[in-house]
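What follows is the content of coords-v4.csv (CSV, C-alpha atoms).
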```csv
chain,number,residue,atom,x,y,z
A,1,MET,CA,-122.7,282.1,148.5
A,2,ARG,CA,-119.9,279.7,149.0
A,3,ARG,CA,-116.6,280.5,147.3
A,4,LYS,CA,-115.0,277.8,145.2
A,5,TYR,CA,-111.4,276.7,145.9
A,6,GLY,CA,-109.2,278.5,143.4
A,7,ASP,CA,-110.9,281.8,143.7
A,8,SER,CA,-108.6,284.9,143.9
A,9,GLU,CA,-108.7,284.9,147.7
A,10,ASP,CA,-107.6,281.3,147.9
A,11,ARG,CA,-104.8,281.5,145.5
A,12,MET,CA,-101.2,281.8,146.7
A,13,PRO,CA,-99.6,285.1,145.9
A,14,PRO,CA,-97.5,285.0,142.7
A,15,GLU,CA,-93.9,283.8,143.0
A,16,LEU,CA,-94.4,283.1,146.7
A,17,ALA,CA,-93.6,279.4,146.4
A,18,SER,CA,-90.3,280.0,144.6
A,19,ARG,CA,-89.2,282.4,147.2
A,20,ILE,CA,-90.1,280.1,150.0
A,21,ALA,CA,-88.1,277.3,148.2
A,22,VAL,CA,-85.1,279.6,147.8
A,23,SER,CA,-85.3,280.6,151.5
A,24,ILE,CA,-85.4,277.0,152.6
A,25,VAL,CA,-82.4,276.1,150.4
A,26,VAL,CA,-80.4,279.1,151.6
A,27,GLY,CA,-81.3,278.4,155.3
A,28,ILE,CA,-80.3,274.8,155.0
A,29,GLY,CA,-77.1,275.8,153.2
A,30,TRP,CA,-76.3,278.3,155.9
A,31,LEU,CA,-76.8,275.6,158.6
A,32,ILE,CA,-74.6,273.2,156.7
A,33,PHE,CA,-71.9,275.8,156.3
A,34,LEU,CA,-72.1,276.5,160.1
A,35,ILE,CA,-71.8,272.9,161.0
A,36,LEU,CA,-68.8,272.3,158.7
A,37,PHE,CA,-67.1,275.5,159.8
A,38,LEU,CA,-67.6,274.8,163.5
A,39,ALA,CA,-66.5,271.1,163.1
A,40,PHE,CA,-63.4,271.6,161.0
A,41,TYR,CA,-62.2,275.2,161.0
A,42,ALA,CA,-63.3,277.0,164.1
A,43,GLU,CA,-60.4,275.7,166.2
A,44,GLY,CA,-58.0,277.8,164.1
A,45,PHE,CA,-59.7,281.1,165.2
A,46,SER,CA,-60.4,282.8,168.4
A,47,VAL,CA,-63.9,282.9,170.0
A,48,TYR,CA,-64.5,286.4,168.8
A,49,TRP,CA,-63.3,285.7,165.2
A,50,ASN,CA,-65.6,282.7,165.2
A,51,LEU,CA,-68.5,284.9,166.3
A,52,ALA,CA,-67.6,287.4,163.6
A,53,ILE,CA,-67.6,284.7,160.9
A,54,VAL,CA,-71.0,283.4,162.1
A,55,PHE,CA,-72.5,286.9,162.0
A,56,ALA,CA,-70.8,287.5,158.6
A,57,SER,CA,-72.4,284.3,157.2
A,58,LEU,CA,-75.7,285.5,158.6
A,59,LEU,CA,-75.2,288.9,156.8
A,60,VAL,CA,-74.5,287.1,153.6
A,61,MET,CA,-77.8,285.1,154.0
A,62,CYS,CA,-79.7,288.3,154.6
A,63,ALA,CA,-78.1,289.9,151.6
A,64,ILE,CA,-79.3,287.0,149.5
A,65,LEU,CA,-82.8,286.7,150.9
A,66,GLY,CA,-83.5,290.3,151.9
A,67,PRO,CA,-83.7,292.0,148.4
A,68,MET,CA,-85.6,289.0,147.0
A,69,TRP,CA,-88.3,289.3,149.7
A,70,ALA,CA,-88.3,293.1,149.7
A,71,TYR,CA,-88.9,293.2,145.9
A,72,TRP,CA,-91.7,290.7,146.2
A,73,GLY,CA,-93.2,292.6,149.1
A,74,ILE,CA,-93.2,295.9,147.2
A,75,LYS,CA,-94.6,294.2,144.1
A,76,THR,CA,-97.4,292.4,145.8
A,77,GLY,CA,-98.1,295.2,148.2
A,78,ARG,CA,-98.9,297.8,145.5
A,79,ALA,CA,-102.4,296.5,145.2
A,80,ARG,CA,-103.3,297.2,148.8
A,81,LYS,CA,-103.2,300.6,150.4
A,82,ARG,CA,-100.4,300.8,152.9
A,83,PRO,CA,-100.3,303.3,155.8
A,84,PRO,CA,-98.3,306.4,154.9
A,85,GLY,CA,-94.6,306.3,155.9
A,86,GLU,CA,-94.5,302.5,156.3
A,87,ALA,CA,-92.0,302.0,153.5
A,88,ALA,CA,-89.6,304.6,154.9
A,89,MET,CA,-89.8,303.0,158.3
A,90,VAL,CA,-89.1,299.6,157.0
A,91,ALA,CA,-86.2,300.9,154.9
A,92,VAL,CA,-84.6,302.7,157.9
A,93,SER,CA,-85.1,299.5,160.0
A,94,ILE,CA,-83.3,297.4,157.4
A,95,VAL,CA,-80.4,299.9,157.1
A,96,THR,CA,-79.9,300.1,160.9
A,97,GLY,CA,-80.2,296.3,161.2
A,98,VAL,CA,-77.6,295.7,158.5
A,99,GLY,CA,-75.4,298.5,160.0
A,100,TRP,CA,-75.6,296.9,163.4
A,101,LEU,CA,-74.5,293.5,162.0
A,102,ILE,CA,-71.6,295.1,160.2
A,103,PHE,CA,-70.5,296.9,163.4
A,104,LEU,CA,-70.8,293.6,165.3
A,105,ILE,CA,-68.7,291.7,162.8
A,106,LEU,CA,-65.9,294.4,162.7
A,107,PHE,CA,-65.9,294.8,166.5
A,108,LEU,CA,-65.7,291.0,167.2
A,109,ALA,CA,-63.1,290.5,164.5
A,110,PHE,CA,-60.7,293.4,165.3
A,111,TYR,CA,-61.4,294.9,168.7
A,112,ALA,CA,-63.1,292.4,171.1
A,113,GLU,CA,-59.8,290.7,172.1
A,114,GLY,CA,-58.8,293.9,173.9
A,115,PHE,CA,-61.7,293.7,176.3
A,116,SER,CA,-63.0,291.3,178.9
A,117,ILE,CA,-66.0,289.1,178.1
A,118,TYR,CA,-68.2,291.3,180.3
A,119,GLU,CA,-67.0,294.5,178.6
A,120,ASN,CA,-67.7,292.9,175.3
A,121,LEU,CA,-71.2,291.9,176.4
A,122,ALA,CA,-71.7,295.5,177.6
A,123,ILE,CA,-70.6,296.9,174.2
A,124,VAL,CA,-72.9,294.5,172.3
A,125,LEU,CA,-75.8,295.4,174.5
A,126,ALA,CA,-75.0,299.1,174.1
A,127,SER,CA,-75.0,298.7,170.3
A,128,ILE,CA,-78.5,297.0,170.5
A,129,LEU,CA,-79.6,299.9,172.7
A,130,VAL,CA,-78.4,302.4,170.2
A,131,THR,CA,-80.2,300.5,167.4
A,132,GLY,CA,-83.4,300.5,169.5
A,133,ALA,CA,-82.9,304.2,170.3
A,134,ILE,CA,-82.9,304.9,166.5
A,135,ARG,CA,-85.8,302.6,165.6
A,136,GLY,CA,-88.0,302.9,168.7
A,137,PRO,CA,-89.0,306.6,168.7
A,138,MET,CA,-89.5,306.4,164.9
A,139,TRP,CA,-91.9,303.4,165.1
A,140,ALA,CA,-93.5,304.8,168.2
A,141,TYR,CA,-94.3,308.1,166.6
A,142,TRP,CA,-95.6,306.3,163.4
A,143,GLY,CA,-97.7,304.0,165.5
A,144,MET,CA,-99.3,306.8,167.5
A,145,LYS,CA,-99.9,308.7,164.3
A,146,ILE,CA,-101.6,305.8,162.6
A,147,GLY,CA,-103.4,304.7,165.7
A,148,ARG,CA,-105.1,308.0,166.5
A,149,ALA,CA,-108.0,307.0,164.4
A,150,GLN,CA,-108.5,303.8,166.4
A,151,LYS,CA,-110.1,303.7,169.8
A,152,LYS,CA,-107.5,302.6,172.3
A,153,PRO,CA,-108.4,300.6,175.5
A,154,PRO,CA,-108.3,302.9,178.6
A,155,GLY,CA,-105.0,302.7,180.6
A,156,LEU,CA,-103.0,301.4,177.7
A,157,ALA,CA,-100.9,304.5,177.0
A,158,PRO,CA,-99.4,304.9,180.5
A,159,ARG,CA,-98.6,301.2,180.7
A,160,VAL,CA,-96.8,301.3,177.4
A,161,ALA,CA,-94.9,304.4,178.7
A,162,VAL,CA,-93.9,302.6,181.9
A,163,SER,CA,-92.9,299.5,180.0
A,164,THR,CA,-90.8,301.6,177.6
A,165,VAL,CA,-89.0,303.3,180.5
A,166,VAL,CA,-88.4,300.0,182.3
A,167,GLY,CA,-87.4,298.3,179.1
A,168,CYS,CA,-84.8,301.0,178.4
A,169,GLY,CA,-83.6,301.2,182.0
A,170,TRP,CA,-82.9,297.5,182.3
A,171,PRO,CA,-80.4,297.3,179.4
A,172,ILE,CA,-78.7,300.5,180.7
A,173,PHE,CA,-78.3,298.9,184.1
A,174,LEU,CA,-77.0,295.7,182.4
A,175,ILE,CA,-74.5,297.7,180.3
A,176,LEU,CA,-73.2,299.6,183.3
A,177,PHE,CA,-73.0,296.5,185.5
A,178,LEU,CA,-71.2,294.4,182.9
A,179,ALA,CA,-68.8,297.2,182.0
A,180,PHE,CA,-67.8,298.3,185.5
A,181,TYR,CA,-68.8,295.8,188.2
A,182,ALA,CA,-69.0,292.3,186.7
A,183,GLU,CA,-65.3,291.6,187.0
A,184,GLY,CA,-65.6,291.7,190.8
A,185,PHE,CA,-68.0,288.7,190.8
A,186,SER,CA,-67.9,285.1,189.7
A,187,THR,CA,-69.6,283.9,186.6
A,188,TYR,CA,-72.5,282.4,188.6
A,189,GLU,CA,-72.9,285.5,190.7
A,190,ASN,CA,-73.1,287.6,187.5
A,191,LEU,CA,-75.7,285.3,186.1
A,192,ALA,CA,-77.6,285.5,189.4
A,193,ILE,CA,-77.5,289.3,189.3
A,194,VAL,CA,-78.7,289.4,185.6
A,195,LEU,CA,-81.5,287.0,186.4
A,196,ALA,CA,-82.4,289.0,189.5
A,197,SER,CA,-82.6,292.1,187.3
A,198,ILE,CA,-85.0,290.3,185.0
A,199,LEU,CA,-87.1,289.3,188.0
A,200,VAL,CA,-87.3,292.9,189.1
A,201,VAL,CA,-88.5,293.9,185.6
A,202,CYS,CA,-91.1,291.2,185.7
A,203,VAL,CA,-92.2,292.2,189.2
A,204,ILE,CA,-92.7,295.8,188.0
A,205,LEU,CA,-94.4,295.0,184.7
A,206,ALA,CA,-96.3,291.8,185.2
A,207,PRO,CA,-98.9,292.9,187.9
A,208,MET,CA,-99.5,296.1,186.0
A,209,TRP,CA,-100.3,294.4,182.7
A,210,ALA,CA,-102.1,291.5,184.4
A,211,TYR,CA,-104.4,293.9,186.2
A,212,TRP,CA,-105.0,295.8,183.0
A,213,TRP,CA,-105.7,292.6,181.0
A,214,ILE,CA,-108.2,291.3,183.6
A,215,LYS,CA,-109.9,294.7,183.7
A,216,THR,CA,-110.2,295.1,179.9
A,217,SER,CA,-111.2,291.5,179.4
A,218,ARG,CA,-114.1,291.9,181.9
A,219,ALA,CA,-115.3,295.0,180.0
A,220,TRP,CA,-115.0,293.1,176.7
A,221,LYS,CA,-117.0,290.1,178.0
A,222,LYS,CA,-119.6,292.5,179.4
A,223,LYS,CA,-119.8,294.2,176.0
A,224,MET,CA,-120.2,290.9,174.2
A,225,ARG,CA,-123.0,289.8,176.6
A,226,ASN,CA,-124.8,293.0,176.1
A,227,ALA,CA,-124.5,292.6,172.3
A,228,SER,CA,-125.8,289.1,172.5
A,229,LYS,CA,-128.8,290.2,174.6
A,230,LYS,CA,-129.6,292.9,172.1
A,231,LYS,CA,-129.6,290.3,169.3
A,232,ARG,CA,-132.0,288.0,171.3
A,233,THR,CA,-134.4,290.9,172.0
A,234,ARG,CA,-134.5,291.8,168.3
A,235,LYS,CA,-135.4,288.2,167.4
```
Written as structure tokens, that's how I'd like the structure from this file.
Amino acid sequence: MRRKYGDSEDRMPPELASRIAVSIVVGIGWLIFLILFLAFYAEGFSVYWNLAIVFASLLVMCAILGPMWAYWGIKTGRARKRPPGEAAMVAVSIVTGVGWLIFLILFLAFYAEGFSIYENLAIVLASILVTGAIRGPMWAYWGMKIGRAQKKPPGLAPRVAVSTVVGCGWPIFLILFLAFYAEGFSTYENLAIVLASILVVCVILAPMWAYWWIKTSRAWKKKMRNASKKKRTRK
């Protein structure tokens, strides 16, 4: 039986349109502020102060939109059964994200001038790594706990493990390089080294995932062919 347009499944969730409208207005307002600030006021501040102001404006925008969308998500999500622990994970992620932004603003505004640009980059990357170290294991454990009931493709777990190790090792290398060695090279040489490190990561991960994808896609296609054959024989 065909559903008519306007059924409950077709309807837009309540108050979604107003929140989208507010988000668009706030986003456009933030862009206008950014344009005016950069055009007329940024010259009076240092680079790091300008970055701090930009991040602070981003934090203000998140403070406006975040609670609004969070409340709406909680309100509309009560009807559906959510996996246990999801709300706590989201809350911790929001807190760490806001904390990271506040750290970044304070660091850029009051401390960044005392370091070189490479040391500042290293500190920013280190802060991202710390945030990831807080969130990563938490979400990984939750994902494993939720995903135990599901059948996982063979070979997925070791590839995820290798990707995690490589993904953590690369920013650590980058932090150490920028903090202790980058000053001895030119800007272009530093860019070349960073790009080379990205290339190394790709060389390690890409063939591994490509082989796995080809292998699993073949198995999936074979499974689909067998399923279609069974349907034909039944007919």
Restricting the calculation to all atoms listed in the file, which member of A:Leu104, A:Ala91, A:Ile24, A:Ala17 is positioned closest to Val54 (chain A)?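 Among the listed residues, the smallest separation from Val54 (chain A) belongs to A:Leu104.
Remark: for Ile32 (chain A), the closest of the candidate residues A:Glu15, A:Ser57, A:Ala109, A:Val165 is A:Ser57 (distances computed over all atoms listed in the file).
Minimum distance to Tyr71 (chain A) across A:Leu16, A:Leu108, A:Ala206, A:Pro171 (counting all atoms listed in the file) occurs at A:Leu16.
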List the residues sitting within 9 Å of (-110.6, 297.6, 186.1) in the file's frame, using all atoms listed in the file, as a PyMOL selection string. chain A and resi 211-216+218-219
Distance of CA of Ala52 (chain A) from CA of Ser127 (chain A), expressed in Å to one decimal place: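 So the two atoms, CA of Ser127 (chain A) and CA of Ala52 (chain A), lie 15.1 Å apart.
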Looking at only C-alpha atoms, which of A:Ala161, A:Leu58, A:Val98, A:Ala179 is the one that sits closest to Asn120 (chain A)? A:Ala179
Using Å and a single decimal, report how far CA of Ala140 (chain A) sits from CA of Thr76 (chain A).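 Atom-to-atom, CA of Thr76 (chain A) and CA of Ala140 (chain A) are spaced 25.9 Å apart.
The shortest atom-to-atom distance to Val124 (chain A), with only C-alpha atoms taken into account, belongs to A:Phe107 out of A:Phe185, A:Trp30, A:Tyr48, A:Phe107.
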Residue nearest Glu119 (chain A) - candidates A:Val22, A:Val60, A:Ala133, A:Ala182, atoms counted: only C-alpha atoms: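 For Glu119 (chain A), the nearest of the given residues is A:Ala182.
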Between CA of Phe45 (chain A) and CA of Ile105 (chain A), what is the distance, to one decimal in Å? 14.1 Å
